[in-house]
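Colleague: This is the structure I want to talk about, given as structure tokens.
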Number of protein chains: 2
Amino acid sequence: MLDDRKLDVLRAIVEDYVNTQEPVGSKTLVERHRLGVSSATVRNDMAALEEDGYIAQPHTSAGRIPTDKGYRLFVDNLTRIKPLSGAEKRAIATFLEGAVGLDDVVHRSVRLLAQLTRQIAIVQYPTLARSTVRHVEIVTLTDRRVLLVIITSAGRVEQRVVEISGPLPEELLADVRARLNTSAVGQRLADAANRVSVLPESFHVDDRPVVTSLVAAFAEAVADEHVGERVAIGGTANLVRFGEDFESSMRPLLEALEEHVVLLRLLGEATSPSTVTVRIGHEVDHESLAAASVVTTGYGPGEEALATLGIVGPIRMDYPGSMAAVHAVARYVSRILSDA
Amino acid sequence: MLDDRKLDVLRAIVEDYVNTQEPVGSKTLVERHRLGVSSATVRNDMAALEEDGYIAQPHTSAGRIPTDKGYRLFVDNLTRIKPLSGAEKRAIATFLEGAVGLDDVVHRSVRLLAQLTRQIAIVQYPTLARSTVRHVEIVTLTDRRVLLVIITSAGRVEQRVVEISGPLPEELLADVRARLNTSAVGQRLADAANRVSVLPESFHVDDRPVVTSLVAAFAEAVADEHVGERVAIGGTANLVRFGEDFESSMRPLLEALEEHVVLLRLLGEATSPSTVTVRIGHEVDHESLAAASVVTTGYGPGEEALATLGIVGPIRMDYPGSMAAVHAVARYVSRILSDA
DNA sequence: CTTGGCACTCGGATGCGCTGAGTGCCAGGG
DNA sequence: CCCTGGCACTCAGCGCATCCGAGTGCCAAG
């Protein structure tokens with residue numbers, strides 16, 4: 001059904017359309033690409049491609065534009081991730097190298113991705129659930145308030161102010177701190193919460209209320225999805241290049257992008273750092289983003305993915321380029337994280 | 001020169017223009033407002049106002065729109081901050097009440113401000129420089145790496161990974177931790193850095209390198225402006241309502257908003273929580289924002305302002321409403337912070 | 001000083017015809 | 001059987017002329 005030349009034509013259409021943003025006709029196509037056949041032949045191929053739903057005409061007597069299905073075929077079969085230039089690689093390396101702390105790494109990654117792809121970039125903070133506890137600290141603030149600080153293996157610091165029923169003597173504090181650490185350090189967060197939950201029993205009856213509050217706060221800090229799954233977003237300026245009709249298309253998009261819950265759904269399940277996921281148009285399960293595509297991949301120290309990062313852009317985007325950038329940034333960030 | 005009626009006319013023009021976004025003419029003006037005079041009279045007043053530079057016509061035979069100078073007069077003399085509705089007040093209170101930790105407070109404030117004003121909201125994190133040290137913690141990560149955590153009075157946690165030349169024995173660590181805390185706790189950050197800087201001398205010669213690294217990291221964490229002055233931004237979705245011509249006006253605006261340095265300049269010097277600062281059009285000292293206005297105020301526990309928050313919007317904005325919202329949110333945030 | 005009246009301006013909406021890129025189809029040739 | 005040049009047809013976008021009405025400035029009378 002689809003011989004090689006038809007696939008070539010489809011590829012040419014996608015590439016041209018992504019460049020020019022305009023429907024591409026048979027004549028301009030043969031002019032710009034060395035297809036080796038006449039425009040009439042291309043027209044026939046186009047008719048076939050349209051028949052099969054890979055391309056469409058916005059209106060009669062206009063050029064063709066790729067459909068979602070067409071892009072899908074293009075991404076799956078007609079392109080390999082194109083390697084970044086040396087300059088780009090160096091830019092990534094030096095830009096990320098200077099990062100201080102997890103927050104900084106995430107923010108730099110977002111800006112980097114946005115600049116490289118000229119799309120909207122989204123980076124999820126390393127998920128708490130998969131990382132382990134590195135240290136637990138308790139700090140007295142006032143008589144009735146202590147600050148609980150949890151440091152995770154991803155370098156992330158989670159903090160909670162805890163109200164307690166009465167003053168916490170120094171010795172008890174030291175004891176609780178020590179036991180919390182013995183139980184929790186090295187454990188995955190979920191496991192740590194479990195192990196810690198039995199701690200109050202081992203304390204003197206008088207001390208249990210305080211310890212219980214602390215343990216509860218620990219569990220809450222560790223379990224809380226909303227706090228636990230944060231995302232950074234950047235490159236919103238690039239949004240302007242997306243839509244010409246903007247009351248209809250940009251508004252909901254911008255609104256969606258402010259909802260971090262939506263962003264998390266967009267990023268989806270973390271995949272291994274070596275695979276790049278592409279969702280095109282309707283494949284993105286969010287109505288107001290039906291006119292957008294999402295390119296994501298997982299990242300994290302080692303091979304397992306702690307979190308996801310990626311970009312959102314118009315369906316007509318440079319997929320090979322975006323995929324390459326996402327892939328590269330994920331790799332560099334992963335490396336930085338495993339160093340830290 | 002400007003009698004009361006002329007001022008009434010100016011006020012009416014500003015209000016109408018803000019509502020309708022269209023140049024307002026003499027006839028529609030007398031229809032919509034009870035000015036008690038005929039359109040011809042209003043026309044004469046308008047001519048006078050234009051003469052003095054408070055209003056202008058986009059083109060001959062069109063209505064008038066306020067100039068920056070006109071808005072300035074309006075804001076200064078023709079309006080008082082209008083009180084928020086009870087419902088709005090309650091919304092603010094409940095929305096901010098549920099916040100957990102400083103990060104959460106800041107993020108909630110941004111969203112709240114954006115929703116209330118339907119503009120772009122900016123909230124600066126409490127500046128480190130003005131807050132004091134509450135606690136310093138040192139955590140061993142590996143033989144050659146420790147994590148330095150500084151908790152400030154504003155509830156903010158600053159962290160730095162420090163490379164050290166060799167392993168740090170437990171007793172030394174405890175000693176350093178204790179002395180760091182004695183020197184720094186309760187001090188303003190800048191002072192703390194100074195006092196801490198002499199610490200290495202009091203240690204045994206062998207231990208000094210390690211202590212010096214830690215002290216340096218402390219100073220860096222405290223001094224670093226870029227890390228120290230962070231801002232959160234939200235409500236970018238409202239940007240769509242700003243400009244009809246958007247390649248020219250929105251693009252630079254969005255770009256400026258991504259530059260946190262620019263945002264900090266926009267927010268400007270923190271003012272007392274009781275005064276609301278309004279900068280209109282050209283008064284905003286950033287070229288790409290010449291078509292925007294900024295409404296800001298300071299906030300912080302107690303009377304002194306730790307940081308600034310505010311909104312950015314089109315010059316034609318509802319100043320009384322925006323000022324009220326900014327004022328109210330700042331007050332509530334301040335209260336929350338002094339509780340925490 | 002205010003007001004009704006009047007002539008004038010001009011941006012924006014409406015309507016119309018032309019143009020050219022693009023299409024589908026067909027008959028002839030390798 | 002597939003490719004190709006040719007041809008008639010379509011139609012979005014443009015340039016241009018026209019019209020409309022909100023808005024203005026000015027003036028003479030109250």
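We name chains A, B, ... following the order of the structure tokens; residues begin at 1 in each chain, and ligands are numbered from 1 as shown.
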Using only C-alpha atoms (C1' of nucleotides), find each residue in chain B having at least one atom no more than 8 Å away from chain D; report its shortest atom-to-atom pair and that distance in Å (one decimal), rows by chain then rising number, as a tab-separated table.

Modeller:
residue	atom	partner	partner_atom	distance
B:Gly25	CA	D:DG23	C1'	6.3
B:Ser26	CA	D:DG23	C1'	7.8
B:Thr60	CA	D:DT24	C1'	7.6
B:Ser61	CA	D:DG23	C1'	5.0
B:Ala62	CA	D:DG23	C1'	5.3
B:Gly63	CA	D:DG23	C1'	6.2

Colleague: For the structure I just gave you, how does DSSP split segment 87-284 of chain B - specifically, which residues are helix (DSSP H, G or I)? Reply as a PyMOL selection string.

Modeller: chain B and resi 87-97+101-117+170-184+189-197+199-202+205-223+225-228+236-241+246-258+260-267+281-283

Colleague: Each residue of chain B with at least one atom at most 12 Å from chain C should appear once, together with its nearest atom pair and the corresponding distance in Å (one decimal); atoms considered: only C-alpha atoms (C1' of nucleotides); ordering: chain, then increasing residue number; output as JSON lines.

Modeller:
{"residue": "B:Gly36", "atom": "CA", "partner": "C:DT2", "partner_atom": "C1'", "distance": 11.2}
{"residue": "B:Val37", "atom": "CA", "partner": "C:DT2", "partner_atom": "C1'", "distance": 8.1}
{"residue": "B:Ser38", "atom": "CA", "partner": "C:DT3", "partner_atom": "C1'", "distance": 6.9}
{"residue": "B:Ser39", "atom": "CA", "partner": "C:DT3", "partner_atom": "C1'", "distance": 8.8}
{"residue": "B:Ala40", "atom": "CA", "partner": "C:DT3", "partner_atom": "C1'", "distance": 6.9}
{"residue": "B:Thr41", "atom": "CA", "partner": "C:DT2", "partner_atom": "C1'", "distance": 6.6}
{"residue": "B:Val42", "atom": "CA", "partner": "C:DT2", "partner_atom": "C1'", "distance": 10.2}
{"residue": "B:Arg43", "atom": "CA", "partner": "C:DT3", "partner_atom": "C1'", "distance": 11.5}
{"residue": "B:Asn44", "atom": "CA", "partner": "C:DT2", "partner_atom": "C1'", "distance": 10.3}
{"residue": "B:Asp45", "atom": "CA", "partner": "C:DT2", "partner_atom": "C1'", "distance": 11.8}
{"residue": "B:Pro58", "atom": "CA", "partner": "C:DG11", "partner_atom": "C1'", "distance": 10.5}
{"residue": "B:His59", "atom": "CA", "partner": "C:DG11", "partner_atom": "C1'", "distance": 8.5}
{"residue": "B:Thr60", "atom": "CA", "partner": "C:DT9", "partner_atom": "C1'", "distance": 7.1}
{"residue": "B:Ser61", "atom": "CA", "partner": "C:DT9", "partner_atom": "C1'", "distance": 5.9}
{"residue": "B:Ala62", "atom": "CA", "partner": "C:DG11", "partner_atom": "C1'", "distance": 8.4}
{"residue": "B:Gly63", "atom": "CA", "partner": "C:DG11", "partner_atom": "C1'", "distance": 11.7}

Colleague: Between atom CA of Pro301 of chain B and atom CA of Val123 of chain B, what is the spacing in Å?

Modeller: 15.1 Å

Colleague: Please, which residues in chain B fall within 10 Å of chain A when counting only C-alpha atoms, and what is the closest atom pair and distance in Å to one decimal for each, ordered by chain then residue number, as a tab-separated table?

Modeller:
residue	atom	partner	partner_atom	distance
B:Val100	CA	A:Arg160	CA	7.2
B:Gly101	CA	A:Arg160	CA	6.4
B:Leu102	CA	A:Gln159	CA	9.4
B:Asp103	CA	A:Val227	CA	9.5
B:Asp104	CA	A:Val227	CA	8.3
B:Arg111	CA	A:Glu258	CA	9.0
B:Arg134	CA	A:Leu141	CA	7.6
B:His135	CA	A:Val139	CA	7.3
B:Val136	CA	A:Val139	CA	9.2
B:Glu137	CA	A:Glu137	CA	8.1
B:Ile138	CA	A:Glu137	CA	9.7
B:Val139	CA	A:His135	CA	7.3
B:Thr140	CA	A:His135	CA	8.6
B:Leu141	CA	A:Arg134	CA	7.6
B:Arg145	CA	A:Ala340	CA	9.1
B:Leu147	CA	A:Gly155	CA	9.2
B:Val149	CA	A:Val157	CA	9.3
B:Ile151	CA	A:Val139	CA	9.2
B:Ser153	CA	A:Leu141	CA	9.3
B:Gly155	CA	A:Val161	CA	8.9
B:Arg156	CA	A:Gln159	CA	9.5
B:Val157	CA	A:Gln159	CA	8.4
B:Glu158	CA	A:Val157	CA	9.4
B:Gln159	CA	A:Gly101	CA	7.2
B:Arg160	CA	A:Gly101	CA	6.4
B:Val161	CA	A:Gly101	CA	7.0
B:Ala221	CA	A:Val100	CA	9.8
B:Val227	CA	A:Asp104	CA	8.2
B:Gly234	CA	A:Glu258	CA	7.3
B:Gly235	CA	A:Glu258	CA	7.4
B:Thr236	CA	A:Leu254	CA	6.8
B:Ala237	CA	A:Leu254	CA	4.8
B:Asn238	CA	A:Arg251	CA	8.0
B:Leu239	CA	A:Arg251	CA	8.7
B:Val240	CA	A:Arg251	CA	6.3
B:Arg241	CA	A:Glu247	CA	8.4
B:Glu244	CA	A:Phe246	CA	9.6
B:Phe246	CA	A:Val240	CA	7.7
B:Glu247	CA	A:Val240	CA	7.2
B:Met250	CA	A:Val240	CA	7.5
B:Arg251	CA	A:Ala237	CA	6.2
B:Pro252	CA	A:Ala237	CA	7.9
B:Leu253	CA	A:Ala237	CA	8.1
B:Leu254	CA	A:Ala237	CA	4.8
B:Glu255	CA	A:Ala237	CA	5.2
B:Ala256	CA	A:Ala237	CA	8.7
B:Leu257	CA	A:Ala237	CA	8.4
B:Glu258	CA	A:Gly234	CA	7.4
B:Ala340	CA	A:Val161	CA	8.0

Colleague: Could you check how far atom CA of Ile92 of chain B sits from atom CA of Tyr332 of chain B, in Å to one decimal?

Modeller: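 Between atom CA of Ile92 of chain B and atom CA of Tyr332 of chain B the gap works out to 7.6 Å.
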
Colleague: Could you pull out the residues in segment 129-268 of chain A that DSSP calls strand (DSSP E) from the backbone, as a PyMOL selection string?

Modeller: chain A and resi 133-142+145-152+157-163+231-234

Colleague: Could you name the residues that touch Ala184 of chain B at 10 Å or less, counting only C-alpha atoms (C1' of nucleotides), but leaving out those on the same chain fewer than 3 positions away, as a list in words?

Modeller: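 Everything that qualifies: Thr132, Val133, Arg134, His135, Val136, Ile150, Arg179, Leu180, Asn181, Gln187, Arg188, Leu189, Ala190, Asp191, Ala192, Ala193, Asn194, Arg195 and Val196 of chain B.
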
Colleague: Name all residues at most 8 Å from Gly302 of chain A (count only C-alpha atoms (C1' of nucleotides); drop same-chain ones fewer than 2 positions away) and give them as a list of chain:residue names.

Modeller: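 My reading of the contact set: A:Gly300, A:Glu304, A:Ala305, A:Ser334, A:Arg335, A:Ser338.
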
Colleague: Those residues you just picked out, can you put them in a file as a short mmCIF file (atom, residue, chain, number, x, y, z; two decimals), in the first residue's frame with N, CA and C atoms?

Modeller:
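Once everything was written out, this is selection-v4.cif:
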data_model
loop_
_atom_site.label_atom_id
_atom_site.label_comp_id
_atom_site.auth_asym_id
_atom_site.auth_seq_id
_atom_site.Cartn_x
_atom_site.Cartn_y
_atom_site.Cartn_z
N GLY A 300 17.11 10.27 36.05
CA GLY A 300 17.42 9.91 37.43
C GLY A 300 18.79 9.28 37.49
N GLU A 304 17.43 3.61 36.69
CA GLU A 304 15.99 3.76 36.96
C GLU A 304 15.59 5.23 36.96
N ALA A 305 14.39 5.49 36.49
CA ALA A 305 13.93 6.86 36.35
C ALA A 305 13.25 7.34 37.62
N SER A 334 20.73 13.33 34.62
CA SER A 334 20.92 12.08 35.34
C SER A 334 22.34 11.97 35.86
N ARG A 335 23.27 12.34 35.00
CA ARG A 335 24.66 12.22 35.41
C ARG A 335 24.95 13.15 36.59
N SER A 338 23.62 11.75 39.79
CA SER A 338 24.32 10.62 40.41
C SER A 338 25.66 11.08 40.99
#
